[in-house]
file work.pdb (PDB, C-alpha atoms)
ATOM      1  CA  MET A1475     -12.874  38.516  -7.300
ATOM      2  CA  LYS A1476     -10.217  41.061  -6.307
ATOM      3  CA  ARG A1477     -12.957  43.368  -5.040
ATOM      4  CA  PHE A1478     -14.445  40.502  -3.038
ATOM      5  CA  HIS A1479     -11.014  39.832  -1.482
ATOM      6  CA  ARG A1480     -10.579  43.485  -0.546
ATOM      7  CA  ILE A1481     -14.031  43.635   1.029
ATOM      8  CA  SER A1482     -13.452  40.362   2.900
ATOM      9  CA  ILE A1483     -10.086  41.505   4.259
ATOM     10  CA  THR A1484     -11.541  44.852   5.331
ATOM     11  CA  LEU A1485     -14.502  43.268   7.103
ATOM     12  CA  GLY A1486     -12.251  40.684   8.731
ATOM     13  CA  ALA A1487      -9.852  43.352   9.962
ATOM     14  CA  VAL A1488     -12.768  45.351  11.384
ATOM     15  CA  LEU A1489     -14.070  42.241  13.171
ATOM     16  CA  LEU A1490     -10.621  41.557  14.604
ATOM     17  CA  VAL A1491     -10.292  45.128  15.935
ATOM     18  CA  VAL A1492     -13.787  44.997  17.443
ATOM     19  CA  LEU A1493     -13.043  41.685  19.169
ATOM     20  CA  ILE A1494      -9.793  42.980  20.675
ATOM     21  CA  TRP A1495     -11.483  46.192  21.805
ATOM     22  CA  ARG A1496     -14.497  44.452  23.343
ATOM     23  CA  ILE A1497     -12.501  41.735  25.114
ATOM     24  CA  GLY A1498      -9.604  43.992  26.114
ATOM     25  CA  PRO A1499      -6.007  43.990  24.825
ATOM     26  CA  SER A1500      -4.612  43.490  28.324
ATOM     27  CA  ALA A1501      -6.760  40.411  28.895
ATOM     28  CA  VAL A1502      -5.615  38.872  25.615
ATOM     29  CA  TRP A1503      -1.945  39.644  26.359
ATOM     30  CA  LYS A1504      -2.284  38.069  29.815
ATOM     31  CA  GLU A1505      -3.607  34.848  28.283
ATOM     32  CA  LEU A1506      -0.786  34.748  25.718
ATOM     33  CA  CYS A1507       1.883  35.259  28.383
ATOM     34  CA  GLY A1508       0.427  32.371  30.349
ATOM     35  CA  PHE A1509       1.098  30.082  27.420
ATOM     36  CA  GLY A1510       4.911  30.453  27.629
ATOM     37  CA  TRP A1511       7.084  27.662  26.256
ATOM     38  CA  GLY A1512       3.999  25.604  25.516
ATOM     39  CA  LEU A1513       4.139  27.197  22.082
ATOM     40  CA  VAL A1514       7.028  24.868  21.146
ATOM     41  CA  PRO A1515       5.092  21.552  21.121
ATOM     42  CA  VAL A1516       2.158  23.288  19.470
ATOM     43  CA  LEU A1517       4.450  24.493  16.663
ATOM     44  CA  ALA A1518       5.936  21.005  16.353
ATOM     45  CA  LEU A1519       2.498  19.410  16.090
ATOM     46  CA  GLU A1520       1.714  21.673  13.139
ATOM     47  CA  GLY A1521       4.746  20.221  11.363
ATOM     48  CA  VAL A1522       3.615  16.671  12.149
ATOM     49  CA  ALA A1523       0.166  17.508  10.777
ATOM     50  CA  GLU A1524       1.758  18.766   7.550
ATOM     51  CA  VAL A1525       3.639  15.462   7.245
ATOM     52  CA  PHE A1526       0.298  13.618   7.447
ATOM     53  CA  HIS A1527      -1.207  16.002   4.904
ATOM     54  CA  THR A1528       1.691  15.489   2.513
ATOM     55  CA  LEU A1529       1.183  11.733   2.751
ATOM     56  CA  GLY A1530      -2.508  12.272   2.021
ATOM     57  CA  TRP A1531      -1.666  14.401  -0.994
ATOM     58  CA  ARG A1532       0.767  11.747  -2.270
ATOM     59  CA  SER A1533      -2.037   9.166  -2.110
ATOM     60  CA  CYS A1534      -3.855  11.236  -4.741
ATOM     61  CA  MET A1535      -0.913  11.488  -7.156
ATOM     62  CA  SER A1536       0.009   9.562 -10.265
ATOM     63  CA  ALA A1537       2.692   6.859 -10.036
ATOM     64  CA  ARG A1538       5.228   9.242 -11.524
ATOM     65  CA  HIS A1539       4.665  11.875  -8.871
ATOM     66  CA  ARG A1540       4.453   9.351  -6.027
ATOM     67  CA  SER A1541       8.025   8.353  -6.889
ATOM     68  CA  VAL A1542       9.280  11.872  -6.086
ATOM     69  CA  PRO A1543      11.292  11.883  -2.806
ATOM     70  CA  PHE A1544       9.102  12.740   0.157
ATOM     71  CA  ARG A1545      11.299  15.631   1.292
ATOM     72  CA  LYS A1546      10.696  17.376  -2.042
ATOM     73  CA  LEU A1547       6.935  16.829  -1.861
ATOM     74  CA  PHE A1548       6.986  18.167   1.704
ATOM     75  CA  ALA A1549       8.847  21.291   0.529
ATOM     76  CA  VAL A1550       6.250  21.865  -2.197
ATOM     77  CA  LYS A1551       3.467  21.317   0.353
ATOM     78  CA  LEU A1552       4.981  23.930   2.686
ATOM     79  CA  ALA A1553       5.299  26.372  -0.227
ATOM     80  CA  GLY A1554       1.566  25.989  -0.840
ATOM     81  CA  TYR A1555       0.932  26.379   2.894
ATOM     82  CA  ALA A1556       2.792  29.689   2.846
ATOM     83  CA  VAL A1557       0.808  31.071  -0.085
ATOM     84  CA  ASN A1558      -2.515  29.978   1.448
ATOM     85  CA  ASN A1559      -1.783  31.394   4.906
ATOM     86  CA  LEU A1560       0.298  34.492   4.182
ATOM     87  CA  THR A1561      -1.341  35.884   1.043
ATOM     88  CA  PRO A1562      -4.954  36.981   0.381
ATOM     89  CA  THR A1563      -5.696  34.204  -2.116
ATOM     90  CA  ALA A1564      -8.533  32.542  -0.181
ATOM     91  CA  ASN A1565      -7.060  29.013  -0.103
ATOM     92  CA  VAL A1566      -6.759  28.968  -3.905
ATOM     93  CA  GLY A1567      -3.311  30.401  -4.528
ATOM     94  CA  GLY A1568      -1.611  27.696  -2.481
ATOM     95  CA  GLU A1569      -3.256  24.932  -4.503
ATOM     96  CA  VAL A1570      -2.220  26.578  -7.766
ATOM     97  CA  THR A1571       1.308  26.937  -6.412
ATOM     98  CA  LYS A1572       1.488  23.257  -5.461
ATOM     99  CA  GLY A1573       0.190  22.202  -8.862
ATOM    100  CA  ALA A1574       2.686  24.395 -10.714
ATOM    101  CA  LEU A1575       5.643  23.180  -8.649
ATOM    102  CA  LEU A1576       4.562  19.537  -8.833
ATOM    103  CA  ALA A1577       4.285  19.822 -12.621
ATOM    104  CA  GLY A1578       8.065  20.362 -12.649
ATOM    105  CA  PHE A1579       8.462  16.698 -11.723
ATOM    106  CA  GLY A1580       6.366  15.379 -14.601
ATOM    107  CA  ASP A1581       3.083  15.786 -16.427
ATOM    108  CA  ALA A1582       1.120  19.004 -15.741
ATOM    109  CA  PRO A1583      -2.405  17.482 -16.097
ATOM    110  CA  GLN A1584      -1.390  14.721 -13.667
ATOM    111  CA  ALA A1585      -0.130  17.344 -11.225
ATOM    112  CA  ALA A1586      -3.421  19.259 -11.475
ATOM    113  CA  CYS A1587      -5.327  16.016 -10.999
ATOM    114  CA  GLY A1588      -3.398  15.262  -7.803
ATOM    115  CA  VAL A1589      -4.058  18.719  -6.373
ATOM    116  CA  ILE A1590      -7.783  18.567  -7.166
ATOM    117  CA  LEU A1591      -8.267  15.090  -5.708
ATOM    118  CA  SER A1592      -6.247  16.017  -2.639
ATOM    119  CA  LYS A1593      -8.353  19.102  -1.972
ATOM    120  CA  VAL A1594     -11.607  17.176  -2.360
ATOM    121  CA  SER A1595     -10.332  14.416  -0.052
ATOM    122  CA  PHE A1596      -9.172  16.958   2.529
ATOM    123  CA  VAL A1597     -12.488  18.817   2.613
ATOM    124  CA  ALA A1598     -14.479  15.565   2.682
ATOM    125  CA  ALA A1599     -12.439  14.238   5.620
ATOM    126  CA  GLN A1600     -12.681  17.560   7.476
ATOM    127  CA  LEU A1601     -16.408  17.878   6.856
ATOM    128  CA  GLY A1602     -17.118  14.277   7.870
ATOM    129  CA  LEU A1603     -15.091  14.445  11.090
ATOM    130  CA  THR A1604     -16.517  17.856  12.000
ATOM    131  CA  ALA A1605     -20.098  16.701  11.441
ATOM    132  CA  VAL A1606     -19.795  13.429  13.372
ATOM    133  CA  GLY A1607     -17.720  14.988  16.144
ATOM    134  CA  SER A1608     -20.070  17.934  16.608
ATOM    135  CA  ILE A1609     -23.064  15.630  16.928
ATOM    136  CA  LEU A1610     -21.301  13.527  19.561
ATOM    137  CA  VAL A1611     -19.945  16.456  21.579
ATOM    138  CA  PHE A1612     -22.785  18.971  21.376
ATOM    139  CA  HIS A1613     -25.836  16.690  21.285
ATOM    140  CA  GLY A1614     -28.314  18.033  23.817
ATOM    141  CA  GLU A1615     -26.073  20.951  24.807
ATOM    142  CA  ASN A1616     -27.238  24.569  24.886
ATOM    143  CA  THR A1617     -25.165  26.375  22.276
ATOM    144  CA  VAL A1618     -25.430  29.690  20.443
ATOM    145  CA  PRO A1619     -28.989  30.037  19.022
ATOM    146  CA  GLY A1620     -29.075  29.023  15.357
ATOM    147  CA  LEU A1621     -25.547  27.583  15.416
ATOM    148  CA  GLY A1622     -26.655  23.985  15.045
ATOM    149  CA  GLU A1623     -29.045  24.823  12.227
ATOM    150  CA  GLY A1624     -26.388  26.851  10.439
ATOM    151  CA  MET A1625     -23.869  24.017  10.715
ATOM    152  CA  LEU A1626     -26.421  21.554   9.349
ATOM    153  CA  LEU A1627     -27.373  23.764   6.414
ATOM    154  CA  GLY A1628     -23.844  24.821   5.517
ATOM    155  CA  GLY A1629     -22.448  21.314   5.898
ATOM    156  CA  GLY A1630     -25.251  19.866   3.800
ATOM    157  CA  LEU A1631     -24.666  22.319   0.969
ATOM    158  CA  LEU A1632     -20.932  21.654   1.016
ATOM    159  CA  ALA A1633     -21.507  17.900   1.005
ATOM    160  CA  LEU A1634     -23.833  18.221  -1.998
ATOM    161  CA  GLY A1635     -21.215  20.271  -3.827
ATOM    162  CA  LEU A1636     -18.534  17.639  -3.172
ATOM    163  CA  ALA A1637     -20.840  14.853  -4.310
ATOM    164  CA  ALA A1638     -21.710  16.716  -7.521
ATOM    165  CA  PHE A1639     -18.021  17.309  -8.256
ATOM    166  CA  LEU A1640     -17.212  13.619  -7.804
ATOM    167  CA  ILE A1641     -20.032  12.648 -10.169
ATOM    168  CA  LEU A1642     -18.687  15.049 -12.811
ATOM    169  CA  GLN A1643     -15.237  13.491 -12.425
ATOM    170  CA  ARG A1644     -16.387   9.907 -12.773
ATOM    171  CA  LYS A1645     -18.672  10.549 -15.740
ATOM    172  CA  GLY A1646     -16.137  12.684 -17.613
ATOM    173  CA  LEU A1647     -18.635  15.469 -18.230
ATOM    174  CA  LEU A1648     -15.983  18.187 -18.342
ATOM    175  CA  GLY A1649     -14.153  16.351 -21.114
ATOM    176  CA  THR A1650     -17.368  15.858 -23.047
ATOM    177  CA  LEU A1651     -18.090  19.571 -22.877
ATOM    178  CA  ALA A1652     -14.589  20.449 -24.044
ATOM    179  CA  ARG A1653     -14.838  18.197 -27.101
ATOM    180  CA  ARG A1654     -17.906  19.901 -28.558
ATOM    181  CA  PRO A1655     -16.902  21.524 -31.880
ATOM    182  CA  ALA A1656     -19.499  24.286 -31.567
ATOM    183  CA  LEU A1657     -18.001  25.514 -28.309
ATOM    184  CA  LYS A1658     -14.465  25.424 -29.709
ATOM    185  CA  LYS A1659     -15.544  27.496 -32.689
ATOM    186  CA  LEU A1660     -17.485  29.946 -30.530
ATOM    187  CA  GLY A1661     -14.650  30.569 -28.051
ATOM    188  CA  GLY A1662     -11.772  30.750 -30.496
ATOM    189  CA  LYS A1663      -8.303  29.262 -30.193
ATOM    190  CA  ARG A1664      -7.629  30.478 -26.659
ATOM    191  CA  PHE A1665     -10.845  28.961 -25.380
ATOM    192  CA  SER A1666     -10.136  25.801 -27.371
ATOM    193  CA  ASP A1667      -6.693  25.477 -25.769
ATOM    194  CA  LEU A1668      -8.184  26.032 -22.327
ATOM    195  CA  MET A1669     -10.823  23.355 -22.886
ATOM    196  CA  ALA A1670      -8.165  20.976 -24.196
ATOM    197  CA  GLY A1671      -6.314  21.400 -20.918
ATOM    198  CA  VAL A1672      -9.534  20.810 -18.969
ATOM    199  CA  ALA A1673     -10.158  17.672 -21.013
ATOM    200  CA  SER A1674      -6.647  16.401 -20.235
ATOM    201  CA  VAL A1675      -7.154  16.895 -16.513
ATOM    202  CA  ASP A1676     -10.584  15.277 -16.779
ATOM    203  CA  ARG A1677      -9.064  12.201 -18.406
ATOM    204  CA  GLU A1678      -6.469  11.986 -15.647
ATOM    205  CA  LEU A1679      -9.215  12.200 -13.005
ATOM    206  CA  ALA A1680     -11.201   9.414 -14.670
ATOM    207  CA  ALA A1681      -8.054   7.277 -14.979
ATOM    208  CA  PHE A1682      -7.220   7.784 -11.310
ATOM    209  CA  HIS A1683     -10.663   6.634 -10.173
ATOM    210  CA  LYS A1684     -10.363   3.571 -12.376
ATOM    211  CA  GLU A1685      -6.801   2.606 -11.466
ATOM    212  CA  ARG A1686      -6.764   3.676  -7.783
ATOM    213  CA  PRO A1687     -10.370   3.450  -6.526
ATOM    214  CA  TRP A1688      -9.225   3.561  -2.884
ATOM    215  CA  GLY A1689      -6.681   6.325  -3.333
ATOM    216  CA  MET A1690      -8.933   9.075  -1.997
ATOM    217  CA  VAL A1691      -9.987   6.924   0.965
ATOM    218  CA  ARG A1692      -6.339   6.409   1.919
ATOM    219  CA  ALA A1693      -5.790  10.150   1.569
ATOM    220  CA  MET A1694      -8.690  10.869   3.907
ATOM    221  CA  LEU A1695      -7.240   8.531   6.536
ATOM    222  CA  TRP A1696      -3.917  10.387   6.399
ATOM    223  CA  TYR A1697      -5.768  13.693   6.734
ATOM    224  CA  LEU A1698      -7.569  12.399   9.820
ATOM    225  CA  GLY A1699      -4.145  11.878  11.381
ATOM    226  CA  GLY A1700      -3.357  15.532  10.709
ATOM    227  CA  PHE A1701      -6.635  16.618  12.275
ATOM    228  CA  ALA A1702      -5.797  14.582  15.386
ATOM    229  CA  CYS A1703      -2.655  16.712  15.702
ATOM    230  CA  TYR A1704      -4.814  19.841  15.676
ATOM    231  CA  ILE A1705      -6.958  18.491  18.511
ATOM    232  CA  CYS A1706      -3.751  17.781  20.462
ATOM    233  CA  GLN A1707      -2.762  21.416  19.923
ATOM    234  CA  VAL A1708      -6.007  22.572  21.533
ATOM    235  CA  LYS A1709      -5.507  20.170  24.455
ATOM    236  CA  ILE A1710      -1.998  21.504  25.130
ATOM    237  CA  PHE A1711      -3.287  25.069  24.950
ATOM    238  CA  LEU A1712      -6.046  24.349  27.474
ATOM    239  CA  ASP A1713      -3.610  22.605  29.819
ATOM    240  CA  LEU A1714      -1.122  25.470  29.809
ATOM    241  CA  ALA A1715      -3.266  28.579  29.392
ATOM    242  CA  ALA A1716      -6.498  27.533  31.105
ATOM    243  CA  GLY A1717      -5.148  25.327  33.863
ATOM    244  CA  GLY A1718      -6.456  22.135  32.294
ATOM    245  CA  GLY A1719      -9.090  20.798  29.948
ATOM    246  CA  ASP A1720     -10.358  17.379  28.911
ATOM    247  CA  TRP A1721     -10.078  15.803  25.471
ATOM    248  CA  ILE A1722     -13.805  16.186  24.782
ATOM    249  CA  ALA A1723     -13.574  19.950  25.263
ATOM    250  CA  ALA A1724     -10.452  20.111  23.076
ATOM    251  CA  ALA A1725     -12.161  18.126  20.335
ATOM    252  CA  GLY A1726     -15.315  20.234  20.583
ATOM    253  CA  ILE A1727     -13.332  23.449  20.200
ATOM    254  CA  TRP A1728     -11.619  22.085  17.105
ATOM    255  CA  PHE A1729     -14.896  20.819  15.626
ATOM    256  CA  LEU A1730     -16.579  24.225  15.961
ATOM    257  CA  GLY A1731     -13.553  26.144  14.723
ATOM    258  CA  SER A1732     -13.133  23.741  11.817
ATOM    259  CA  TRP A1733     -16.728  24.206  10.733
ATOM    260  CA  PHE A1734     -16.300  27.981  10.652
ATOM    261  CA  ASP A1735     -13.110  27.514   8.620
ATOM    262  CA  LEU A1736     -15.046  25.453   6.083
ATOM    263  CA  ALA A1737     -17.866  28.002   5.937
ATOM    264  CA  GLY A1738     -15.436  30.922   5.553
ATOM    265  CA  PHE A1739     -13.066  29.287   3.076
ATOM    266  CA  ALA A1740     -13.488  32.163   0.598
ATOM    267  CA  VAL A1741     -12.328  34.811   3.091
ATOM    268  CA  PRO A1742      -8.647  35.633   2.439
ATOM    269  CA  LEU A1743      -6.389  34.607   5.341
ATOM    270  CA  ARG A1744      -9.578  33.672   7.250
ATOM    271  CA  LEU A1745      -9.138  37.149   8.693
ATOM    272  CA  GLY A1746     -11.732  37.739  11.395
ATOM    273  CA  VAL A1747     -13.329  34.351  10.773
ATOM    274  CA  GLN A1748     -10.595  32.493  12.632
ATOM    275  CA  GLU A1749     -10.605  34.948  15.523
ATOM    276  CA  GLY A1750     -14.368  35.140  15.912
ATOM    277  CA  SER A1751     -14.892  31.401  15.538
ATOM    278  CA  ARG A1752     -12.353  30.514  18.229
ATOM    279  CA  VAL A1753     -13.918  33.001  20.624
ATOM    280  CA  ILE A1754     -17.332  31.422  20.000
ATOM    281  CA  ALA A1755     -15.956  27.890  20.304
ATOM    282  CA  LEU A1756     -14.286  28.464  23.668
ATOM    283  CA  VAL A1757     -17.224  30.463  25.068
ATOM    284  CA  VAL A1758     -19.629  27.661  24.097
ATOM    285  CA  LEU A1759     -17.408  25.205  26.018
ATOM    286  CA  GLY A1760     -17.416  27.471  29.081
ATOM    287  CA  TYR A1761     -14.098  29.315  28.703
ATOM    288  CA  PRO A1762     -13.603  33.110  28.760
ATOM    289  CA  ALA A1763     -13.713  35.063  25.507
ATOM    290  CA  ALA A1764     -10.199  36.425  26.083
ATOM    291  CA  LEU A1765      -8.856  32.879  26.063
ATOM    292  CA  GLY A1766     -10.542  32.246  22.706
ATOM    293  CA  LEU A1767      -8.942  35.308  21.157
ATOM    294  CA  ALA A1768      -5.571  34.369  22.653
ATOM    295  CA  PHE A1769      -5.871  30.940  21.077
ATOM    296  CA  SER A1770      -6.583  32.511  17.694
ATOM    297  CA  MET A1771      -3.431  34.602  18.109
ATOM    298  CA  VAL A1772      -1.443  31.431  18.782
ATOM    299  CA  LEU A1773      -2.846  29.961  15.551
ATOM    300  CA  ARG A1774      -1.673  33.101  13.707
ATOM    301  CA  LEU A1775       1.805  32.661  15.149
ATOM    302  CA  ILE A1776       1.788  29.074  13.895
ATOM    303  CA  ASP A1777       0.776  30.285  10.429
ATOM    304  CA  PHE A1778       3.600  32.829  10.393
ATOM    305  CA  PHE A1779       6.223  30.319  11.586
ATOM    306  CA  TRP A1780       5.407  27.512   9.147
ATOM    307  CA  GLY A1781       4.485  29.982   6.436
ATOM    308  CA  GLY A1782       7.954  31.486   6.779
ATOM    309  CA  LEU A1783       9.504  28.036   6.370
ATOM    310  CA  GLY A1784       7.253  27.508   3.360
ATOM    311  CA  LEU A1785       8.484  30.715   1.750
ATOM    312  CA  ALA A1786      12.058  29.552   2.318
ATOM    313  CA  CYS A1787      11.182  26.261   0.603
ATOM    314  CA  TYR A1788       9.581  28.176  -2.253
ATOM    315  CA  ALA A1789      12.763  30.229  -2.719
ATOM    316  CA  ALA A1790      14.939  27.093  -2.530
ATOM    317  CA  ILE A1791      12.824  25.354  -5.164
ATOM    318  CA  HIS A1792      13.336  28.221  -7.589
ATOM    319  CA  ARG A1793      17.073  28.265  -6.908
ATOM    320  CA  MET A1794      17.330  24.577  -7.712
ATOM    321  CA  ASP A1795      15.771  24.665 -11.163
ATOM    322  CA  GLU A1796      17.377  21.469 -12.358
ATOM    323  CA  GLY A1797      16.212  19.476  -9.367
ATOM    324  CA  TYR A1798      12.716  20.918  -9.014
ATOM    325  CA  GLY A1799      11.521  23.118 -11.810
ATOM    326  CA  ARG A1800      12.508  21.183 -14.898
ATOM    327  CA  HIS A1801      10.728  18.380 -16.615
ATOM    328  CA  PRO A1802      12.921  15.250 -16.810
ATOM    329  CA  LYS A1803      12.807  15.399 -20.626
ATOM    330  CA  GLU A1804      14.226  18.915 -20.528
ATOM    331  CA  GLU A1805      17.096  17.761 -18.335
ATOM    332  CA  LYS A1806      17.912  14.953 -20.743
ATOM    333  CA  GLU A1807      17.844  17.258 -23.740
ATOM    334  CA  SER A1808      20.143  19.761 -21.984
ATOM    335  CA  VAL A1809      22.963  17.213 -21.598
ATOM    336  CA  PRO A1810      25.576  17.716 -24.354
ATOM    337  CA  GLY A1811      25.655  14.833 -26.786
ATOM    338  CA  SER A1812      22.427  13.293 -25.504
ATOM    339  CA  GLY A1813      20.918  14.054 -28.964
TER     340      GLY A1813
END
call {"tool": "encode", "arguments": {"input": "work.pdb", "output": "structure tokens"}}
result
Amino acid sequence: MKRFHRISITLGAVLLVVLIWRIGPSAVWKELCGFGWGLVPVLALEGVAEVFHTLGWRSCMSARHRSVPFRKLFAVKLAGYAVNNLTPTANVGGEVTKGALLAGFGDAPQAACGVILSKVSFVAAQLGLTAVGSILVFHGENTVPGLGEGMLLGGGLLALGLAAFLILQRKGLLGTLARRPALKKLGGKRFSDLMAGVASVDRELAAFHKERPWGMVRAMLWYLGGFACYICQVKIFLDLAAGGGDWIAAAGIWFLGSWFDLAGFAVPLRLGVQEGSRVIALVVLGYPAALGLAFSMVLRLIDFFWGGLGLACYAAIHRMDEGYGRHPKEEKESVPGSG
């Protein structure tokens, strides 16, 4: 996996350099300068989107974790955002970070369950909106040859994967596998402990679906609110940097870019994927390539800004061990005379 990350980063960096060279650094800089103070509302909209996404994540949590103050959940969410967007962990490290920090408020299997369900809900909402939106916006339009077929194939495979994962959750197949004595004996104690943890998470997933059957649907609705903020970001960018643009064009740009993000989820930092996809998206909608690359640079600035705040939250969480990183039972036991 580390080798794959290194290769992906290298290829992405090469693609980024090629794009800048082919389009022209001066042209990209000119587009960025034209954006000016418009960066402020775009940055603010990213924060609003993260509020929606935190609410979506909370919809997938256990009752114990839903009782955690929202400001603390938002800080944990930003910490995960920072790890996902500023480190080469391919959208995995941030989820692990959120699960580990959330476990400090209660049960670890419940925390893992919330992170897993949230990620599935997020991808399902993003895939569904991207698919429906792309059909509405690009139906009958002349786009890049093979783009429509690639979106259909990639989206179909991703949808099948999500459906298979949900079936495994509801039927408890992971727990059944973990309880097989032959496998425990074959893998030894370490494997047995790992499978016991998997079984615990599997039980929490099954319990969630039974107790909160509409929890994931509510999460997806919150995520749609966050995606609407992203479309607003594109609209503001077009108004300020391109002299205007309608909402259909803004939505179409986000739909195309979002599909490439889904397809390139395994590429660390989406390096090269984000830049190339935004160039393609804006060119397809009739805008110059330099504007597409400038927009991708604005998205990088957004990642750095909110990622920096996320790192600050991460540091604050570790400084406040008693408030964030300790299980409530540990706090009770640490009080003198609580015996």
call {"tool": "closest_residue", "arguments": {"input": "work.pdb", "among": "A:Ala1790, A:Val1741, A:Ala1633, A:Leu1712", "to": "Phe1769 of chain A", "atoms": "all atoms listed in the file"}}
result
A:Leu1712
call {"tool": "resolve_selection", "arguments": {"input": "work.pdb", "expression": "the PyMOL selection byres ((chain A and resi 1634-1637) around 12)", "output": "count of residues only"}}
result
25
call {"tool": "atom_distance", "arguments": {"input": "work.pdb", "atom1": "atom CA of Gly1689 of chain A", "atom2": "atom CA of Lys1546 of chain A"}}
result
20.6 Å
call {"tool": "atom_distance", "arguments": {"input": "work.pdb", "atom1": "atom CA of Phe1548 of chain A", "atom2": "atom CA of Thr1561 of chain A"}}
result
19.6 Å
call {"tool": "residues_around", "arguments": {"input": "work.pdb", "residues": "Leu1560 of chain A", "least_positions_apart": "6", "cutoff": "9 Å", "atoms": "only C-alpha atoms", "output": "list in words"}}
result
Leu1743, Asp1777, Phe1778, Gly1781 and Gly1782 of chain A
call {"tool": "closest_residue", "arguments": {"input": "work.pdb", "among": "A:Pro1562, A:Val1757, A:Leu1513, A:Val1542", "to": "Phe1739 of chain A", "atoms": "all atoms listed in the file"}}
result
A:Pro1562
call {"tool": "resolve_selection", "arguments": {"input": "work.pdb", "expression": "the PyMOL selection byres ((chain A and resi 1697) around 8)", "output": "list in words"}}
result
Phe1526, His1527, Gly1530, Phe1596, Ala1599, Gln1600, Ala1693, Met1694, Leu1695, Trp1696, Leu1698, Gly1699, Gly1700 and Phe1701 of chain A
call {"tool": "residues_around", "arguments": {"input": "work.pdb", "residues": "Gln1707 of chain A", "least_positions_apart": "2", "cutoff": "9 Å", "atoms": "only C-alpha atoms", "output": "MDAnalysis selection string"}}
result
chainID A and resid 1515:1517 1519:1520 1702:1705 1709:1712 1724
